[in-house]
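Down below is the structure, laid out as structure tokens.
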Amino acid sequence: MKKLKVMTIFGTRPEAIKMAPLVKKLQETEDIESILCVTAQHREMLDMVLDLFELKPQHDLNIMQHGQTISDITTKVLKGLETVLQKEKPDIVLVHGDTTTTFIGALAAFYQQIPVGHVEAGLRSGNIYSPYPEEMNRKLTGNLATLHFAPTEGNYHNLIREGIEDKVIFITGNTVIDALLQVVKEDYFFENPLLNKIDYNSKRVIVMTCHRRENWGEPMENIFKAVVEIKRKHKDVEIVFPVHLNPNIQKLSRDIMGEEEGIHLIEPLDYEPFANLLNKAHLILTDSGGIQEEAPALGKPIVVLRTETERPEAVEAGTVKVVGVEKSKIIHEVDKLLEDQAYYLQMKNALNPYGDGRACERIIHALKFYFGFNEEKPKVFKA
Ligand code: UD1
Ligand code: UDP
């Protein structure tokens, strides 16, 4: 039987983290020829992940420019992929999640009449402007896709509600757990001198990240001001914030928090040290999507700096609290977690609704099933 030619397309840090273990596994699979194409919507933050997982893309569109708009990304990726897809003619294209690379990757494949497999399918917040543009990106990608790899049962039901047929949806768990389990180690040694110097026993370390477009401007100002007040109030707390390379966020974070003792604004970390920092943290503040899946797997309470989430599983289980972007609400919730031990322990309750480290295996099994290499459907992931 002819090998199945699978082209994986991604462009940003989170897509790379969540697709890297899949690409590694595709490369090891006998019946599959794996081709990797990166758009490089992110450059440095993408390369950090490619280096860590030792991935060498066959195609690199290298499109990133500083201060790029969504339309800049859209037009460059669409045109760049046309040439690559016409040359490679894969049997299927895999895209991940909800970025502009994801949606345009799916659209470019559709224009060449190549089927699309959507990894991390079916997440929905219900509001097309929050997260923006991600909610629309994933809905549009869902419309273009032939196969849908839904991490959870809830994601599966979202797709069924939108009229997608049961037989093309596979519940696999989230590949981020596959990645996380490969890099987190209890005796991890940080090469970064600051992270290495912190005494994780006597200090309570809060790890924070913040980058979402809908938080740019006033919401982000509120968040950063809240963090300053939290640090001033709690002397045994250290805050580590690896700041996204987006120039708006770099500037605002420096303006509001740059001079504060005990708040460490650092460059984005490689995935391995970052995941291990999460593992040593007391609690996490974030507006990131992926971190909402990683923190519960590590048993860390997480305060989400957004007004809604497309990841309700850990909220229902009690490890995630969505607090919004008002200063007083953020301070109130973090104070409570720092001062009320019983409340903290209840939220810390280790629980992992998102995966068991075998999502990639299930996705490959599903691909082989769909293309007739396997007779059996993969088993459904259950939390
Ligand atoms: C993008 C995705 C968002 C995802 C996020 C993950 C879109 C529209 N947004 O948002 O869904 O959650 O990535 O981080 O697809 N930059 C660098 N180097 C890098 C990366 C970014 O300098 O390695 C700077 C550049 O100036 C770039 C800017 O950050 O123009 C913004 O990058 P962009 O991909 O447009 O948006 P993100 O906010 O990163
Ligand atoms: N991450 C990382 N280094 C950092 C900050 C985050 O490797 O300095 C990882 C994090 O563990 C998660 C992913 O990047 O897997 C999340 O990416 P991001 O917050 O940029 O995007 P989102 O998940 O919100 O789309």
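Ordering of the structure tokens sets the chain letters (A, B, ...), residue numbers begin anew at 1 in every chain, and ligands are numbered from 1 in the order given.
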
List all protein, DNA and RNA residues that have an atom no more than 10 Å from any atom of ligand 1, counting only C-alpha atoms and all ligand atoms, and report them as a PyMOL selection string.
-> chain A and resi 11-16+40-48+63-74+97-104+131-135+137-138+210-214+216+244-250+268+287-290

Which neighbours of Lys18 (chain A) fall inside 8 Å, counting only C-alpha atoms, when residues of the same chain fewer than 5 positions from it are skipped, and could you give them as a VMD selection string?
-> chain A and resid 96 175 to 176 179

Output N, CA, C and O atoms of each residue in that selection to a file, as an mmCIF file, in the first residue's frame.
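Dumped to selection_28.cif:
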data_model
loop_
_atom_site.group_PDB
_atom_site.id
_atom_site.type_symbol
_atom_site.label_atom_id
_atom_site.label_comp_id
_atom_site.auth_asym_id
_atom_site.auth_seq_id
_atom_site.Cartn_x
_atom_site.Cartn_y
_atom_site.Cartn_z
ATOM 1 N N HIS A 96 -3.722 22.945 13.643
ATOM 2 C CA HIS A 96 -3.999 22.854 15.078
ATOM 3 C C HIS A 96 -4.680 24.103 15.639
ATOM 4 O O HIS A 96 -4.176 25.218 15.452
ATOM 5 N N THR A 175 -3.139 16.924 22.873
ATOM 6 C CA THR A 175 -1.721 16.586 22.656
ATOM 7 C C THR A 175 -0.796 17.380 23.578
ATOM 8 O O THR A 175 0.365 17.038 23.729
ATOM 9 N N VAL A 176 -1.317 18.466 24.202
ATOM 10 C CA VAL A 176 -0.439 19.243 25.096
ATOM 11 C C VAL A 176 0.013 18.373 26.267
ATOM 12 O O VAL A 176 1.108 18.546 26.795
ATOM 13 N N ALA A 179 2.981 16.458 25.267
ATOM 14 C CA ALA A 179 4.189 17.303 25.300
ATOM 15 C C ALA A 179 4.649 17.524 26.741
ATOM 16 O O ALA A 179 5.839 17.372 27.062
#

Can you pull out every residue within 6 Å of Ile284 (chain A), counting only C-alpha atoms, but drop anything in the same chain fewer than 5 positions away, and send it as JSON, numbers by chain?
-> {"A": [206, 207, 208, 302]}

Between CA of Phe274 (chain A) and atom 3 (N, counted along the ligand's line) of ligand 2, what is the spacing in Å?
->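 Taking atom 3 (N, counted along the ligand's line) of ligand 2 and CA of Phe274 (chain A), their separation equals 5.0 Å.
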
Out of region 280-361 of chain A, which residues get alpha helix (DSSP H) from DSSP, as a PyMOL selection string?
-> chain A and resi 280+290-298+313-317+327-339+341-348+359-361

Neighbours of region 32-34 of chain A within 9 Å (only C-alpha atoms; same-chain residues fewer than 6 positions away dropped), as a ChimeraX atom specification?
-> /A:2-8,23,26,368
